[in-house]
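Chemist: Below you'll find start24.cif; it's mmCIF, C-alpha atoms and all ligand atoms.
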data_data
loop_
_atom_site.group_PDB
_atom_site.id
_atom_site.type_symbol
_atom_site.label_atom_id
_atom_site.label_comp_id
_atom_site.auth_asym_id
_atom_site.auth_seq_id
_atom_site.Cartn_x
_atom_site.Cartn_y
_atom_site.Cartn_z
ATOM 1 C CA MET A 201 64.800 -17.308 65.379
ATOM 2 C CA SER A 202 63.894 -15.288 68.420
ATOM 3 C CA ALA A 203 60.549 -13.644 67.800
ATOM 4 C CA ARG A 204 59.914 -10.939 70.320
ATOM 5 C CA PRO A 205 56.977 -8.875 69.094
ATOM 6 C CA SER A 206 56.100 -8.090 72.719
ATOM 7 C CA ASP A 207 59.192 -5.886 72.804
ATOM 8 C CA VAL A 208 57.886 -3.805 69.934
ATOM 9 C CA LEU A 209 55.918 -0.631 70.674
ATOM 10 C CA THR A 210 52.414 -1.507 69.453
ATOM 11 C CA ILE A 211 49.835 1.246 69.030
ATOM 12 C CA GLU A 212 46.167 1.053 68.125
ATOM 13 C CA ALA A 213 45.472 3.105 65.017
ATOM 14 C CA SER A 214 42.545 3.925 62.763
ATOM 15 C CA PHE A 215 41.725 5.535 59.430
ATOM 16 C CA ASP A 216 39.515 8.626 59.589
ATOM 17 C CA GLY A 217 38.772 8.667 55.859
ATOM 18 C CA THR A 218 41.791 10.813 55.056
ATOM 19 C CA GLY A 219 44.639 9.878 57.342
ATOM 20 C CA VAL A 220 45.880 7.434 59.955
ATOM 21 C CA THR A 221 45.275 8.540 63.539
ATOM 22 C CA THR A 222 46.781 7.196 66.754
ATOM 23 C CA ALA A 223 46.486 7.975 70.458
ATOM 24 C CA LEU A 224 50.196 8.833 70.620
ATOM 25 C CA PRO A 225 51.438 11.864 68.640
ATOM 26 C CA LEU A 226 52.942 10.677 65.351
ATOM 27 C CA ALA A 227 56.123 12.692 65.907
ATOM 28 C CA ASP A 228 56.657 10.825 69.211
ATOM 29 C CA ILE A 229 56.182 7.490 67.460
ATOM 30 C CA GLY A 230 58.744 8.603 64.867
ATOM 31 C CA ASP A 231 61.220 9.520 67.621
ATOM 32 C CA HIS A 232 60.708 6.077 69.161
ATOM 33 C CA VAL A 233 61.391 4.364 65.824
ATOM 34 C CA MET A 234 64.541 6.423 65.224
ATOM 35 C CA ARG A 235 65.827 5.515 68.708
ATOM 36 C CA ASN A 236 64.655 1.897 69.009
ATOM 37 C CA GLY A 237 64.177 0.684 65.453
ATOM 38 C CA LEU A 238 60.580 -0.540 65.310
ATOM 39 C CA ALA A 239 56.916 0.180 66.020
ATOM 40 C CA LEU A 240 53.659 -1.464 64.922
ATOM 41 C CA LEU A 241 50.421 0.404 64.171
ATOM 42 C CA LYS A 242 47.507 -2.033 64.601
ATOM 43 C CA GLY A 243 44.363 -1.601 62.520
ATOM 44 C CA ALA A 244 45.521 1.500 60.644
ATOM 45 C CA PHE A 245 43.351 0.613 57.634
ATOM 46 C CA PRO A 246 40.138 -1.447 57.657
ATOM 47 C CA ALA A 247 40.369 -4.700 55.697
ATOM 48 C CA ALA A 248 37.239 -3.703 53.792
ATOM 49 C CA LEU A 249 39.140 -0.723 52.362
ATOM 50 C CA LEU A 250 42.191 -2.794 51.463
ATOM 51 C CA GLN A 251 40.511 -5.841 49.923
ATOM 52 C CA PRO A 252 39.552 -4.003 46.681
ATOM 53 C CA VAL A 253 43.165 -2.771 46.442
ATOM 54 C CA LEU A 254 44.485 -6.329 46.740
ATOM 55 C CA ASP A 255 41.969 -7.646 44.215
ATOM 56 C CA GLY A 256 42.421 -4.751 41.759
ATOM 57 C CA VAL A 257 46.215 -4.745 41.802
ATOM 58 C CA PHE A 258 46.338 -8.530 41.434
ATOM 59 C CA THR A 259 44.003 -8.360 38.411
ATOM 60 C CA TRP A 260 46.050 -5.530 36.840
ATOM 61 C CA GLY A 261 49.215 -7.577 37.321
ATOM 62 C CA GLN A 262 47.616 -10.557 35.593
ATOM 63 C CA GLU A 263 45.967 -8.722 32.696
ATOM 64 C CA SER A 264 48.749 -6.321 31.684
ATOM 65 C CA ALA A 265 52.176 -7.431 30.474
ATOM 66 C CA PRO A 266 55.110 -7.331 32.895
ATOM 67 C CA GLN A 267 57.989 -4.973 32.039
ATOM 68 C CA ARG A 268 61.554 -4.698 33.254
ATOM 69 C CA GLU A 269 61.411 -0.940 33.728
ATOM 70 C CA SER A 270 59.221 1.992 32.699
ATOM 71 C CA GLU A 271 58.745 5.734 33.114
ATOM 72 C CA ASN A 272 55.110 4.951 33.888
ATOM 73 C CA SER A 273 53.413 2.592 36.321
ATOM 74 C CA PHE A 274 54.453 -0.995 35.581
ATOM 75 C CA HIS A 275 54.793 -4.377 37.194
ATOM 76 C CA ARG A 276 57.614 -6.869 37.198
ATOM 77 C CA ILE A 277 58.114 -10.494 38.205
ATOM 78 C CA ASP A 278 61.482 -11.275 39.783
ATOM 79 C CA GLU A 279 62.349 -14.934 40.361
ATOM 80 C CA ARG A 280 65.860 -14.982 41.793
ATOM 81 C CA PRO A 281 67.185 -12.611 39.087
ATOM 82 C CA PRO A 282 70.903 -13.446 38.687
ATOM 83 C CA GLN A 283 71.922 -9.800 38.223
ATOM 84 C CA SER A 284 70.411 -8.772 41.559
ATOM 85 C CA GLN A 285 72.743 -8.037 44.481
ATOM 86 C CA CYS A 286 70.224 -9.251 47.049
ATOM 87 C CA PRO A 287 68.455 -12.534 46.210
ATOM 88 C CA HIS A 288 64.667 -12.264 46.081
ATOM 89 C CA THR A 289 61.492 -13.649 44.522
ATOM 90 C CA PHE A 290 58.515 -11.301 44.284
ATOM 91 C CA HIS A 291 56.006 -9.628 41.989
ATOM 92 C CA ALA A 292 56.437 -5.856 42.295
ATOM 93 C CA HIS A 293 53.652 -3.525 41.159
ATOM 94 C CA ASN A 294 55.321 -0.116 40.803
ATOM 95 C CA PHE A 295 53.063 2.899 40.635
ATOM 96 C CA GLN A 296 53.512 6.564 39.950
ATOM 97 C CA LEU A 297 50.741 8.751 41.308
ATOM 98 C CA ARG A 298 51.423 11.429 38.715
ATOM 99 C CA PRO A 299 49.240 12.588 35.812
ATOM 100 C CA GLY A 300 49.716 10.491 32.690
ATOM 101 C CA ARG A 301 51.750 7.819 34.455
ATOM 102 C CA ILE A 302 48.889 5.720 35.852
ATOM 103 C CA GLU A 303 45.451 4.693 34.637
ATOM 104 C CA ALA A 304 42.639 6.769 36.188
ATOM 105 C CA GLU A 305 40.872 3.717 37.611
ATOM 106 C CA MET A 306 44.005 2.442 39.346
ATOM 107 C CA ASP A 307 44.811 5.938 40.606
ATOM 108 C CA ALA A 308 41.371 6.174 42.217
ATOM 109 C CA LEU A 309 41.762 2.718 43.768
ATOM 110 C CA ILE A 310 45.165 3.152 45.409
ATOM 111 C CA ARG A 311 45.533 6.908 45.991
ATOM 112 C CA PRO A 312 43.535 7.081 49.252
ATOM 113 C CA ILE A 313 45.771 4.510 50.947
ATOM 114 C CA PHE A 314 49.061 5.792 49.570
ATOM 115 C CA SER A 315 48.111 9.411 50.376
ATOM 116 C CA ALA A 316 47.489 8.431 53.991
ATOM 117 C CA MET A 317 50.811 6.550 53.975
ATOM 118 C CA ARG A 318 52.544 9.644 52.511
ATOM 119 C CA ASP A 319 51.189 11.827 55.312
ATOM 120 C CA LEU A 320 52.184 9.211 57.902
ATOM 121 C CA GLN A 321 55.649 8.964 56.337
ATOM 122 C CA ASN A 322 56.141 12.715 56.569
ATOM 123 C CA SER A 323 54.879 12.841 60.171
ATOM 124 C CA VAL A 324 56.952 9.974 61.579
ATOM 125 C CA GLY A 325 59.991 10.442 59.335
ATOM 126 C CA GLY A 326 60.118 14.221 59.437
ATOM 127 C CA THR A 327 60.305 14.160 55.645
ATOM 128 C CA ASN A 328 58.470 16.334 53.133
ATOM 129 C CA ALA A 329 58.069 13.652 50.486
ATOM 130 C CA GLN A 330 55.501 13.916 47.692
ATOM 131 C CA PHE A 331 54.428 11.923 44.645
ATOM 132 C CA GLU A 332 55.807 14.686 42.419
ATOM 133 C CA PRO A 333 59.601 15.111 42.132
ATOM 134 C CA ASP A 334 61.203 17.745 44.348
ATOM 135 C CA ALA A 335 64.130 20.021 43.407
ATOM 136 C CA GLU A 336 66.497 17.067 43.876
ATOM 137 C CA MET A 337 64.268 14.812 41.711
ATOM 138 C CA ARG A 338 63.323 12.657 44.683
ATOM 139 C CA PHE A 339 59.755 11.417 44.990
ATOM 140 C CA LEU A 340 57.600 8.728 46.575
ATOM 141 C CA ARG A 341 57.319 5.506 44.563
ATOM 142 C CA PRO A 342 54.268 3.509 45.680
ATOM 143 C CA GLN A 343 54.686 -0.256 45.457
ATOM 144 C CA VAL A 344 52.400 -3.209 46.027
ATOM 145 C CA ILE A 345 54.520 -6.321 46.435
ATOM 146 C CA GLN A 346 53.410 -9.935 46.344
ATOM 147 C CA TYR A 347 55.718 -12.487 47.946
ATOM 148 C CA PRO A 348 54.009 -15.489 46.390
ATOM 149 C CA SER A 349 53.222 -18.740 48.130
ATOM 150 C CA GLY A 350 55.691 -21.243 46.743
ATOM 151 C CA GLY A 351 58.787 -19.468 48.011
ATOM 152 C CA GLY A 352 58.506 -15.692 47.724
ATOM 153 C CA PHE A 353 61.300 -14.164 49.826
ATOM 154 C CA PHE A 354 63.793 -11.318 50.129
ATOM 155 C CA ASP A 355 67.228 -11.898 51.650
ATOM 156 C CA GLU A 356 68.557 -9.738 54.451
ATOM 157 C CA HIS A 357 69.490 -6.228 53.357
ATOM 158 C CA VAL A 358 69.788 -2.638 54.561
ATOM 159 C CA HIS A 359 69.040 0.767 53.052
ATOM 160 C CA PRO A 360 70.718 4.129 53.605
ATOM 161 C CA LEU A 361 68.956 6.006 56.404
ATOM 162 C CA GLU A 362 68.485 9.130 54.277
ATOM 163 C CA PRO A 363 66.300 10.466 52.866
ATOM 164 C CA GLN A 364 63.587 7.979 53.945
ATOM 165 C CA ARG A 365 64.522 7.754 57.653
ATOM 166 C CA VAL A 366 61.451 5.637 58.518
ATOM 167 C CA GLY A 367 60.059 2.857 56.323
ATOM 168 C CA LEU A 368 56.373 1.876 56.279
ATOM 169 C CA ILE A 369 55.066 -1.604 55.472
ATOM 170 C CA THR A 370 51.294 -1.927 55.257
ATOM 171 C CA GLY A 371 49.962 -5.483 55.469
ATOM 172 C CA LEU A 372 47.666 -6.194 52.510
ATOM 173 C CA SER A 373 47.059 -9.886 53.158
ATOM 174 C CA GLU A 374 46.064 -12.149 56.018
ATOM 175 C CA LYS A 375 48.033 -15.078 57.391
ATOM 176 C CA GLY A 376 45.932 -18.249 57.379
ATOM 177 C CA ARG A 377 43.836 -17.035 54.465
ATOM 178 C CA ASP A 378 46.220 -15.704 51.797
ATOM 179 C CA PHE A 379 49.318 -17.583 52.972
ATOM 180 C CA ASN A 380 50.327 -19.833 55.856
ATOM 181 C CA GLU A 381 53.923 -19.105 56.767
ATOM 182 C CA GLY A 382 56.644 -16.496 56.362
ATOM 183 C CA GLY A 383 56.843 -12.809 57.075
ATOM 184 C CA THR A 384 58.873 -9.667 57.604
ATOM 185 C CA CYS A 385 61.834 -9.885 59.992
ATOM 186 C CA PHE A 386 64.259 -7.334 61.412
ATOM 187 C CA ARG A 387 67.464 -7.302 63.417
ATOM 188 C CA VAL A 388 67.906 -4.599 66.038
ATOM 189 C CA ASP A 389 71.060 -4.614 68.185
ATOM 190 C CA GLY A 390 71.591 -8.295 67.415
ATOM 191 C CA VAL A 391 68.038 -9.349 68.324
ATOM 192 C CA GLU A 392 65.781 -10.783 65.612
ATOM 193 C CA TYR A 393 62.151 -9.736 65.419
ATOM 194 C CA SER A 394 59.621 -11.602 63.274
ATOM 195 C CA PHE A 395 56.279 -9.985 62.427
ATOM 196 C CA GLU A 396 54.974 -13.192 60.837
ATOM 197 C CA ASP A 397 52.190 -13.538 63.419
ATOM 198 C CA THR A 398 51.557 -9.900 64.331
ATOM 199 C CA HIS A 399 51.391 -8.068 60.977
ATOM 200 C CA ALA A 400 47.745 -8.431 59.998
ATOM 201 C CA MET A 401 45.967 -6.891 57.012
ATOM 202 C CA GLY A 402 45.718 -3.149 57.705
ATOM 203 C CA ASP A 403 48.588 -3.018 60.223
ATOM 204 C CA ILE A 404 51.619 -0.843 59.466
ATOM 205 C CA ILE A 405 55.159 -1.761 60.520
ATOM 206 C CA LEU A 406 57.373 1.298 61.038
ATOM 207 C CA PHE A 407 61.114 0.673 60.920
ATOM 208 C CA ARG A 408 64.239 2.748 61.044
ATOM 209 C CA TYR A 409 65.294 2.561 57.411
ATOM 210 C CA ASP A 410 68.886 1.431 58.033
ATOM 211 C CA ILE A 411 68.201 -1.633 60.204
ATOM 212 C CA PRO A 412 68.726 -5.077 58.612
ATOM 213 C CA HIS A 413 65.518 -6.728 57.403
ATOM 214 C CA TRP A 414 64.315 -9.620 55.247
ATOM 215 C CA ILE A 415 61.250 -11.585 54.194
ATOM 216 C CA SER A 416 61.383 -15.224 55.265
ATOM 217 C CA PRO A 417 60.148 -17.680 52.590
ATOM 218 C CA ILE A 418 56.389 -17.759 52.055
ATOM 219 C CA ASP A 419 54.851 -21.243 51.917
ATOM 220 C CA GLU A 420 58.022 -22.847 50.601
ATOM 221 C CA SER A 421 56.452 -26.322 50.401
ATOM 222 C CA GLU A 422 53.938 -25.157 47.771
ATOM 223 C CA SER A 423 54.766 -24.868 44.076
ATOM 224 C CA LEU A 424 55.392 -21.409 42.645
ATOM 225 C CA ASP A 425 52.661 -20.243 40.266
ATOM 226 C CA TRP A 426 52.667 -16.565 39.264
ATOM 227 C CA THR A 427 48.992 -16.719 38.234
ATOM 228 C CA ARG A 428 47.901 -17.364 41.838
ATOM 229 C CA LYS A 429 46.917 -14.580 44.225
ATOM 230 C CA ALA A 430 48.193 -16.587 47.176
ATOM 231 C CA GLY A 431 51.054 -15.103 49.117
ATOM 232 C CA ARG A 432 51.988 -12.310 51.429
ATOM 233 C CA TRP A 433 51.116 -8.865 50.051
ATOM 234 C CA THR A 434 52.386 -5.503 51.274
ATOM 235 C CA MET A 435 52.184 -1.820 50.363
ATOM 236 C CA VAL A 436 55.370 0.207 50.706
ATOM 237 C CA LEU A 437 56.380 3.739 49.811
ATOM 238 C CA PRO A 438 60.070 4.092 48.934
ATOM 239 C CA TYR A 439 61.372 7.674 48.753
ATOM 240 C CA TYR A 440 64.446 8.414 46.656
HETATM 241 FE FE FE B 501 64.029 -3.282 52.224
#
As a first step, turn the structure in this file into structure tokens.

Modeler:
Amino acid sequence: MSARPSDVLTIEASFDGTGVTTALPLADIGDHVMRNGLALLKGAFPAALLQPVLDGVFTWGQESAPQRESENSFHRIDERPPQSQCPHTFHAHNFQLRPGRIEAEMDALIRPIFSAMRDLQNSVGGTNAQFEPDAEMRFLRPQVIQYPSGGGFFDEHVHPLEPQRVGLITGLSEKGRDFNEGGTCFRVDGVEYSFEDTHAMGDIILFRYDIPHWISPIDESESLDWTRKAGRWTMVLPYY
């Protein structure tokens, strides 16, 4: 695979306690992503802020029972589900930041990060997405996803451009500590881009929502054990 992260617009970012700030105007970064497909915000969140999120979500996913689907926050383990159109293996923690649909402790833990991601989403994507449903019943659906060591992956797929326009992927784990190989990959105009070595904990990948992407297998030589924290973890914010 050709890995050309040097081609990707990479911007230093930081968290000011409320939102993600960058030297370049966020609307300009969004325009770049819509035209060219990709951008990378380095250091958008400090690892010290994210580590309790990783630990807390992992513990919640171990101590509460998995469900297939729910009106409330829930988590689900998918190991190559046969009914799925796009093959994948991951543990998805699906949250709703709405009253009565999430435990108060979990809300307090994850809301600061997902609120900053919501504001970033709306700035770069030109959306007006919220955690509460709009008139068309669309809302933001926070997810923390573990691609476990032992073969977590997601085959190549695309999404409709609208209404999301720009997708955000916040790195919640660190290569070399939480996992050793595998990562998020994209194809733009026939060129493959791997973020395996450039997407550190706290960095945010921005991608035009309709470009092909996939997760290459995480630590395939290890055995799969859903009780382990090991793997590649991300925070995403689908809007539909
Ligand atoms: Fe996707």

Chemist: Quick one: of A:Pro342, A:Gly325, A:Pro252, A:Pro225, who's nearest to Ser273 of chain A, counting all atoms listed in the file?

Modeler: A:Pro342

Chemist: Using the chain letters and numbers from this file, what does the PyMOL selection byres (((chain A and resi 234) around 9) and not hetatm) select? Give the answer as a VMD selection string.

Modeler: chain A and resid 229 to 233 235 to 238 325 365 to 366 407 to 409

Chemist: Hey, what comes out of the PyMOL selection byres (((chain A and resi 423) around 10) and not hetatm) on this file? Could you write it as a list in words?

Modeler: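 Against this file, the PyMOL selection byres (((chain A and resi 423) around 10) and not hetatm) returns the residues Pro348, Ser349, Gly350, Gly351, Asp419, Glu420, Ser421, Glu422, Leu424, Asp425 and Trp426 of chain A.
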
Chemist: Closest to Thr221 of chain A among A:Ser323, A:Phe386, A:Glu263, A:Glu381, using all atoms listed in the file?

Modeler: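 The shortest atom-to-atom distance to Thr221 of chain A comes from A:Ser323.
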
Chemist: Using the chain letters and numbers from the file, give me the residues hit by the PyMOL selection byres (((not hetatm)) within 12 of (chain B and resi 501)), as number ranges by chain.

Modeler: A: 286-288, 343, 345, 353-361, 364, 366-369, 384-386, 406-415, 434, 436-439

Chemist: Nearest residue to Leu309 of chain A out of A:Pro417, A:Pro363, A:Gly256, A:Gly376, using all atoms listed in the file?

Modeler: A:Gly256

Chemist: Report as number ranges by chain all protein, DNA and RNA residues lying within 12 Å of Arg311 of chain A, evaluated on only C-alpha atoms, omitting residues in the same chain fewer than 3 positions from it.

Modeler: A: 218-219, 249-250, 253, 295-298, 302-308, 314-319, 331, 341-343, 435, 437

Chemist: Could you name the residues that touch Tyr347 of chain A at 7 Å or less, counting all atoms listed in the file, but leaving out those on the same chain fewer than 4 positions away, as a list in words?

Modeler: Thr289, Phe290, His291, Gly352, Phe353, Ile418, Gly431, Arg432 and Trp433 of chain A

Chemist: From the set A:Ala248, A:Met337, A:Met401, A:Val257, which residue has the shortest atom-to-atom contact distance to Glu374 of chain A, counting only C-alpha atoms?

Modeler: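 Residue with the minimum atom-to-atom distance to Glu374 of chain A: A:Met401.
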
Chemist: Padding of 5 Å on every side, edges along x, y and z, all listed atoms of segment 223-229 of chain A included: what centre and edge lengths in Å, to one decimal, does that box have, as AutoDock Vina command-line options?

Modeler:
--center_x 51.6 --center_y 10.1 --center_z 68.0 --size_x 20.2 --size_y 15.2 --size_z 15.3

Chemist: Using all atoms listed in the file for the distances, tell me which of A:Lys242, A:Arg301, A:Tyr440, A:His293 is nearest to Ala329 of chain A.

Modeler: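 Checking each of A:Lys242, A:Arg301, A:Tyr440, A:His293 against Ala329 of chain A, counting all atoms listed in the file, the winner is A:Tyr440.
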
Chemist: Got a moment to write segment 339-436 of chain A out with C-alpha atoms, as an mmCIF file, in the first residue's frame?

Modeler:
data_model
loop_
_atom_site.group_PDB
_atom_site.id
_atom_site.type_symbol
_atom_site.label_atom_id
_atom_site.label_comp_id
_atom_site.auth_asym_id
_atom_site.auth_seq_id
_atom_site.Cartn_x
_atom_site.Cartn_y
_atom_site.Cartn_z
ATOM 1 C CA PHE A 339 -29.021 13.835 15.254
ATOM 2 C CA LEU A 340 -25.423 13.158 16.244
ATOM 3 C CA ARG A 341 -24.737 9.618 17.473
ATOM 4 C CA PRO A 342 -21.498 9.518 19.483
ATOM 5 C CA GLN A 343 -19.563 6.268 19.183
ATOM 6 C CA VAL A 344 -16.441 4.889 20.805
ATOM 7 C CA ILE A 345 -15.182 1.980 18.731
ATOM 8 C CA GLN A 346 -12.607 -0.622 19.676
ATOM 9 C CA TYR A 347 -10.951 -2.518 16.834
ATOM 10 C CA PRO A 348 -9.489 -5.217 19.055
ATOM 11 C CA SER A 349 -6.021 -6.671 18.785
ATOM 12 C CA GLY A 350 -6.496 -10.134 17.346
ATOM 13 C CA GLY A 351 -7.998 -8.981 14.066
ATOM 14 C CA GLY A 352 -10.345 -6.029 14.511
ATOM 15 C CA PHE A 353 -11.005 -4.548 11.057
ATOM 16 C CA PHE A 354 -13.555 -2.863 8.807
ATOM 17 C CA ASP A 355 -13.611 -3.561 5.070
ATOM 18 C CA GLU A 356 -13.561 -0.772 2.521
ATOM 19 C CA HIS A 357 -16.806 1.183 2.338
ATOM 20 C CA VAL A 358 -18.269 4.591 1.516
ATOM 21 C CA HIS A 359 -21.029 6.749 2.985
ATOM 22 C CA PRO A 360 -23.377 9.221 1.312
ATOM 23 C CA LEU A 361 -21.862 12.708 1.409
ATOM 24 C CA GLU A 362 -24.989 14.236 2.955
ATOM 25 C CA PRO A 363 -25.835 15.222 5.574
ATOM 26 C CA GLN A 364 -22.469 14.609 7.307
ATOM 27 C CA ARG A 365 -20.203 16.083 4.592
ATOM 28 C CA VAL A 366 -17.054 15.761 6.747
ATOM 29 C CA GLY A 367 -16.294 12.812 9.029
ATOM 30 C CA LEU A 368 -14.188 13.109 12.196
ATOM 31 C CA ILE A 369 -12.097 10.299 13.680
ATOM 32 C CA THR A 370 -10.467 11.057 17.018
ATOM 33 C CA GLY A 371 -7.627 8.724 17.998
ATOM 34 C CA LEU A 372 -8.251 7.301 21.478
ATOM 35 C CA SER A 373 -5.337 4.870 21.609
ATOM 36 C CA GLU A 374 -1.613 4.850 20.956
ATOM 37 C CA LYS A 375 0.255 2.636 18.518
ATOM 38 C CA GLY A 376 3.034 0.725 20.277
ATOM 39 C CA ARG A 377 1.200 0.803 23.592
ATOM 40 C CA ASP A 378 -2.414 -0.238 22.943
ATOM 41 C CA PHE A 379 -1.785 -2.054 19.655
ATOM 42 C CA ASN A 380 1.106 -2.651 17.271
ATOM 43 C CA GLU A 381 -0.219 -2.670 13.731
ATOM 44 C CA GLY A 382 -3.204 -1.611 11.646
ATOM 45 C CA GLY A 383 -5.018 1.648 11.163
ATOM 46 C CA THR A 384 -7.398 3.827 9.198
ATOM 47 C CA CYS A 385 -6.884 4.011 5.427
ATOM 48 C CA PHE A 386 -8.467 6.064 2.656
ATOM 49 C CA ARG A 387 -8.466 6.176 -1.123
ATOM 50 C CA VAL A 388 -8.493 9.570 -2.811
ATOM 51 C CA ASP A 389 -8.345 9.734 -6.620
ATOM 52 C CA GLY A 390 -6.879 6.231 -6.734
ATOM 53 C CA VAL A 391 -4.137 6.926 -4.173
ATOM 54 C CA GLU A 392 -4.174 5.042 -0.863
ATOM 55 C CA TYR A 393 -3.413 6.865 2.364
ATOM 56 C CA SER A 394 -2.690 5.013 5.608
ATOM 57 C CA PHE A 395 -2.836 6.864 8.933
ATOM 58 C CA GLU A 396 -1.444 3.862 10.822
ATOM 59 C CA ASP A 397 1.688 5.765 11.873
ATOM 60 C CA THR A 398 0.388 9.338 12.000
ATOM 61 C CA HIS A 399 -2.925 9.102 13.897
ATOM 62 C CA ALA A 400 -1.845 9.394 17.521
ATOM 63 C CA MET A 401 -4.056 9.599 20.606
ATOM 64 C CA GLY A 402 -5.729 13.025 20.519
ATOM 65 C CA ASP A 403 -5.299 13.584 16.764
ATOM 66 C CA ILE A 404 -8.391 14.020 14.589
ATOM 67 C CA ILE A 405 -8.607 12.776 10.998
ATOM 68 C CA LEU A 406 -11.022 14.829 8.880
ATOM 69 C CA PHE A 407 -12.295 13.148 5.725
ATOM 70 C CA ARG A 408 -14.768 13.935 3.014
ATOM 71 C CA TYR A 409 -17.570 11.576 3.977
ATOM 72 C CA ASP A 410 -17.974 9.922 0.561
ATOM 73 C CA ILE A 411 -14.369 8.810 -0.015
ATOM 74 C CA PRO A 412 -13.602 5.071 0.303
ATOM 75 C CA HIS A 413 -12.087 4.081 3.651
ATOM 76 C CA TRP A 414 -11.311 1.007 5.749
ATOM 77 C CA ILE A 415 -9.562 -0.195 8.888
ATOM 78 C CA SER A 416 -6.701 -2.584 8.169
ATOM 79 C CA PRO A 417 -6.528 -5.573 10.568
ATOM 80 C CA ILE A 418 -5.269 -4.790 14.064
ATOM 81 C CA ASP A 419 -2.623 -7.185 15.402
ATOM 82 C CA GLU A 420 -3.885 -10.102 13.336
ATOM 83 C CA SER A 421 -1.274 -12.514 14.734
ATOM 84 C CA GLU A 422 -2.709 -12.201 18.261
ATOM 85 C CA SER A 423 -5.744 -14.144 19.457
ATOM 86 C CA LEU A 424 -9.059 -12.314 19.710
ATOM 87 C CA ASP A 425 -10.233 -11.805 23.293
ATOM 88 C CA TRP A 426 -13.128 -9.390 23.859
ATOM 89 C CA THR A 427 -12.195 -8.950 27.537
ATOM 90 C CA ARG A 428 -8.899 -7.260 26.606
ATOM 91 C CA LYS A 429 -8.535 -3.495 26.262
ATOM 92 C CA ALA A 430 -5.855 -3.943 23.619
ATOM 93 C CA GLY A 431 -6.626 -2.602 20.189
ATOM 94 C CA ARG A 432 -7.123 0.556 18.240
ATOM 95 C CA TRP A 433 -9.766 2.851 19.748
ATOM 96 C CA THR A 434 -11.487 5.796 18.080
ATOM 97 C CA MET A 435 -14.235 8.325 18.778
ATOM 98 C CA VAL A 436 -16.556 9.170 15.901
#
